[in-house]
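Participant: Just dropping this structure here.
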Amino acid sequence: MTDATKPETYTLEVEYADTFGGEANYAWVKRETLELPCGLSDRAVMRRAKAAMGLSGVRGRSYVDGDMWEFRPYRSCTVMFANVRY
């Protein structure tokens, strides 16, 4: 593909870590970097981030704040963050 036909993309940094007292503890952490096309919905971004961490099909609470996504699985002392890298 030439640069003129190449779709716009952005980089998403994903972290999955344990929690202590409800806050991210980072006693252990798994990190991934994803290259995503622009224009994805928040739901699509979350699905790709969860798949990268091996959390496909896991239910929990999701929060979105601009260019930051957070996912807290039910009945698990863990948290996943996804942030756009600038």
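Lettering and numbering for the structure tokens are positional, with chains as A, B, ... in the shown order, residues counted from 1 in each chain, and ligands counted from 1 in the shown order.
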Would you kindly return, as a short mmCIF file (atom, residue, chain, number, x, y, z; two decimals) with C-alpha atoms, in the first residue's frame, each protein, DNA or RNA residue with an atom no farther than 12 Å from any atom of Val64 (chain A), considering only C-alpha atoms and excluding same-chain residues fewer than 2 positions away?

Facilitator:
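The file below, selection.cif, is the result:
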data_model
loop_
_atom_site.label_atom_id
_atom_site.label_comp_id
_atom_site.auth_asym_id
_atom_site.auth_seq_id
_atom_site.Cartn_x
_atom_site.Cartn_y
_atom_site.Cartn_z
CA SER A 41 -16.05 2.12 18.60
CA ASP A 42 -15.24 1.91 22.33
CA ARG A 43 -16.76 -1.58 22.37
CA VAL A 45 -11.41 -1.33 21.20
CA MET A 46 -12.31 -3.10 24.45
CA ARG A 61 -17.32 -3.61 34.39
CA SER A 62 -15.94 -1.31 31.69
CA GLY A 66 -11.63 9.84 26.57
CA ASP A 67 -8.68 7.85 25.31
CA MET A 68 -8.39 5.55 28.37
CA TRP A 69 -10.33 2.32 28.86
CA GLU A 70 -10.56 0.31 32.08
CA PHE A 71 -11.96 -3.19 32.60
CA ARG A 72 -12.52 -4.87 35.97
CA MET A 80 -6.99 -4.03 32.75
CA PHE A 81 -6.07 -0.58 31.43
CA ALA A 82 -5.81 0.45 27.79
CA ASN A 83 -4.30 3.84 26.91
#

Participant: Which value, in Å to one decimal, gives the distance between CA of Glu15 (chain A) and CA of Pro73 (chain A)?

Facilitator: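 It comes out at 13.6 Å.
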
Participant: Env of Glu13 (chain A): 8 Å cut, atoms = only C-alpha atoms, seq-sep filter 5 positions within chain, self excluded. Answer as a PyMOL selection string.

Facilitator: chain A and resi 31-34+82-85

Participant: Export all heavy atoms of the chosen residues as a CSV table (one decimal), in the first residue's frame?

Facilitator:
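Wrote selection-v3.csv, looks like this:
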chain,number,residue,atom,x,y,z
A,31,ARG,N,1.7,-6.9,29.7
A,31,ARG,CA,1.6,-5.7,28.8
A,31,ARG,C,1.6,-6.2,27.4
A,31,ARG,O,2.4,-7.1,27.0
A,31,ARG,CB,2.8,-4.8,29.1
A,31,ARG,CG,2.7,-4.1,30.4
A,31,ARG,CD,3.8,-3.0,30.6
A,31,ARG,NE,3.6,-2.3,31.8
A,31,ARG,CZ,4.2,-2.5,32.9
A,31,ARG,NH1,5.1,-3.4,33.0
A,31,ARG,NH2,4.0,-1.7,34.0
A,32,GLU,N,0.9,-5.5,26.6
A,32,GLU,CA,0.8,-5.7,25.1
A,32,GLU,C,0.7,-4.3,24.5
A,32,GLU,O,0.1,-3.4,25.1
A,32,GLU,CB,-0.4,-6.5,24.7
A,32,GLU,CG,-0.3,-8.0,25.2
A,32,GLU,CD,0.7,-8.8,24.4
A,32,GLU,OE1,1.0,-8.5,23.3
A,32,GLU,OE2,1.2,-9.8,25.0
A,33,THR,N,1.1,-4.2,23.2
A,33,THR,CA,0.9,-3.0,22.4
A,33,THR,C,0.2,-3.4,21.2
A,33,THR,O,0.6,-4.4,20.5
A,33,THR,CB,2.3,-2.4,22.0
A,33,THR,OG1,3.0,-2.1,23.3
A,33,THR,CG2,2.1,-1.1,21.3
A,34,LEU,N,-0.9,-2.7,20.9
A,34,LEU,CA,-1.7,-3.0,19.7
A,34,LEU,C,-1.7,-1.9,18.7
A,34,LEU,O,-1.7,-0.7,19.2
A,34,LEU,CB,-3.2,-3.3,20.2
A,34,LEU,CG,-3.4,-4.4,21.2
A,34,LEU,CD1,-4.9,-4.4,21.6
A,34,LEU,CD2,-3.0,-5.7,20.7
A,82,ALA,N,-6.2,0.3,29.2
A,82,ALA,CA,-5.8,0.5,27.8
A,82,ALA,C,-5.7,2.0,27.5
A,82,ALA,O,-6.7,2.7,27.8
A,82,ALA,CB,-6.8,-0.2,26.8
A,83,ASN,N,-4.5,2.4,27.1
A,83,ASN,CA,-4.3,3.8,26.9
A,83,ASN,C,-3.7,4.1,25.5
A,83,ASN,O,-2.9,3.3,25.1
A,83,ASN,CB,-3.3,4.4,27.9
A,83,ASN,CG,-3.8,4.3,29.3
A,83,ASN,OD1,-4.8,4.9,29.7
A,83,ASN,ND2,-3.2,3.5,30.1
A,84,VAL,N,-4.2,5.2,24.9
A,84,VAL,CA,-3.6,5.5,23.6
A,84,VAL,C,-2.2,6.1,23.8
A,84,VAL,O,-2.0,6.9,24.7
A,84,VAL,CB,-4.5,6.6,22.9
A,84,VAL,CG1,-3.9,7.1,21.6
A,84,VAL,CG2,-5.9,6.0,22.6
A,85,ARG,N,-1.2,5.7,23.0
A,85,ARG,CA,0.1,6.2,23.1
A,85,ARG,C,0.2,7.4,22.1
A,85,ARG,O,-0.1,7.3,21.0
A,85,ARG,CB,1.2,5.2,22.8
A,85,ARG,CG,2.6,5.8,22.9
A,85,ARG,CD,3.7,4.9,22.4
A,85,ARG,NE,3.5,3.5,22.6
A,85,ARG,CZ,4.2,2.6,21.9
A,85,ARG,NH1,5.1,3.0,21.0
A,85,ARG,NH2,4.0,1.3,22.0

Participant: Once DSSP has gone over the backbone, tell me which residues of chain A are in strand (DSSP E), as a ChimeraX atom specification.

Facilitator: /A:9-20,23-37,60-65,68-73,78-85

Participant: Can you tell me how far CA of Gly21 (chain A) sits from CA of Ala51 (chain A), in Å to one decimal?

Facilitator: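 Between CA of Gly21 (chain A) and CA of Ala51 (chain A) the gap works out to 25.9 Å.
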
Participant: Which residues in chain A does DSSP call helix (DSSP H, G or I)? List them as an MDAnalysis selection string.

Facilitator: chainID A and resid 42:52

Participant: Would you save the residues from that selection as an mmCIF file, in the first residue's frame, using C-alpha atoms?

Facilitator:
data_model
loop_
_atom_site.group_PDB
_atom_site.id
_atom_site.type_symbol
_atom_site.label_atom_id
_atom_site.label_comp_id
_atom_site.auth_asym_id
_atom_site.auth_seq_id
_atom_site.Cartn_x
_atom_site.Cartn_y
_atom_site.Cartn_z
ATOM 1 C CA ASP A 42 -15.237 1.905 22.326
ATOM 2 C CA ARG A 43 -16.757 -1.576 22.366
ATOM 3 C CA ALA A 44 -14.518 -2.762 19.505
ATOM 4 C CA VAL A 45 -11.415 -1.334 21.205
ATOM 5 C CA MET A 46 -12.312 -3.099 24.455
ATOM 6 C CA ARG A 47 -12.925 -6.405 22.666
ATOM 7 C CA ARG A 48 -9.492 -6.267 21.001
ATOM 8 C CA ALA A 49 -7.748 -5.294 24.229
ATOM 9 C CA LYS A 50 -9.471 -8.097 26.151
ATOM 10 C CA ALA A 51 -8.532 -10.604 23.436
ATOM 11 C CA ALA A 52 -4.873 -9.516 23.672
#

Participant: Find the spatial neighbours of Glu35 (chain A), counting only C-alpha atoms, within a cut-off of 7 Å - ignore same-chain residues fewer than 5 positions away - and output them as a PyMOL selection string.

Facilitator: chain A and resi 9-12

Participant: Residues as selected, all heavy atoms, written as a PDB file, in the first residue's frame, can you do that?

Facilitator:
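Contents of result-v9.pdb, as written:
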ATOM      1  N   THR A   9      -3.963   4.774  11.677  1.00  0.00           N
ATOM      2  CA  THR A   9      -3.931   3.878  12.834  1.00  0.00           C
ATOM      3  C   THR A   9      -3.405   4.625  14.048  1.00  0.00           C
ATOM      4  O   THR A   9      -2.864   5.722  13.941  1.00  0.00           O
ATOM      5  CB  THR A   9      -3.019   2.660  12.569  1.00  0.00           C
ATOM      6  OG1 THR A   9      -1.691   3.121  12.348  1.00  0.00           O
ATOM      7  CG2 THR A   9      -3.505   1.845  11.384  1.00  0.00           C
ATOM      8  N   TYR A  10      -3.572   4.008  15.210  1.00  0.00           N
ATOM      9  CA  TYR A  10      -2.993   4.531  16.442  1.00  0.00           C
ATOM     10  C   TYR A  10      -2.531   3.351  17.287  1.00  0.00           C
ATOM     11  O   TYR A  10      -2.920   2.214  17.064  1.00  0.00           O
ATOM     12  CB  TYR A  10      -3.987   5.421  17.207  1.00  0.00           C
ATOM     13  CG  TYR A  10      -5.224   4.717  17.686  1.00  0.00           C
ATOM     14  CD1 TYR A  10      -5.299   4.209  18.978  1.00  0.00           C
ATOM     15  CD2 TYR A  10      -6.335   4.577  16.863  1.00  0.00           C
ATOM     16  CE1 TYR A  10      -6.437   3.573  19.426  1.00  0.00           C
ATOM     17  CE2 TYR A  10      -7.479   3.950  17.304  1.00  0.00           C
ATOM     18  CZ  TYR A  10      -7.521   3.446  18.592  1.00  0.00           C
ATOM     19  OH  TYR A  10      -8.651   2.809  19.029  1.00  0.00           O
ATOM     20  N   THR A  11      -1.668   3.642  18.250  1.00  0.00           N
ATOM     21  CA  THR A  11      -1.099   2.612  19.105  1.00  0.00           C
ATOM     22  C   THR A  11      -1.816   2.611  20.451  1.00  0.00           C
ATOM     23  O   THR A  11      -2.019   3.663  21.053  1.00  0.00           O
ATOM     24  CB  THR A  11       0.403   2.865  19.310  1.00  0.00           C
ATOM     25  OG1 THR A  11       1.021   2.906  18.023  1.00  0.00           O
ATOM     26  CG2 THR A  11       1.040   1.775  20.138  1.00  0.00           C
ATOM     27  N   LEU A  12      -2.177   1.416  20.895  1.00  0.00           N
ATOM     28  CA  LEU A  12      -2.865   1.240  22.175  1.00  0.00           C
ATOM     29  C   LEU A  12      -1.983   0.404  23.080  1.00  0.00           C
ATOM     30  O   LEU A  12      -1.566  -0.694  22.697  1.00  0.00           O
ATOM     31  CB  LEU A  12      -4.215   0.551  21.947  1.00  0.00           C
ATOM     32  CG  LEU A  12      -5.163   0.490  23.127  1.00  0.00           C
ATOM     33  CD1 LEU A  12      -5.725   1.882  23.409  1.00  0.00           C
ATOM     34  CD2 LEU A  12      -6.301  -0.468  22.844  1.00  0.00           C
TER      35      LEU A  12
END

Participant: For each of A:Pro7, A:Leu40, A:Lys30, A:Thr78, take the minimum atom-to-atom distance to Val58 (chain A), counting only C-alpha atoms, then give the residue where this is smallest.

Facilitator: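 Among A:Pro7, A:Leu40, A:Lys30, A:Thr78, it is A:Thr78 that comes nearest to Val58 (chain A).
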
Participant: Report, in Å to a single decimal, how far apart CA of Tyr16 (chain A) and CA of Gly54 (chain A) are.

Facilitator: 9.9 Å
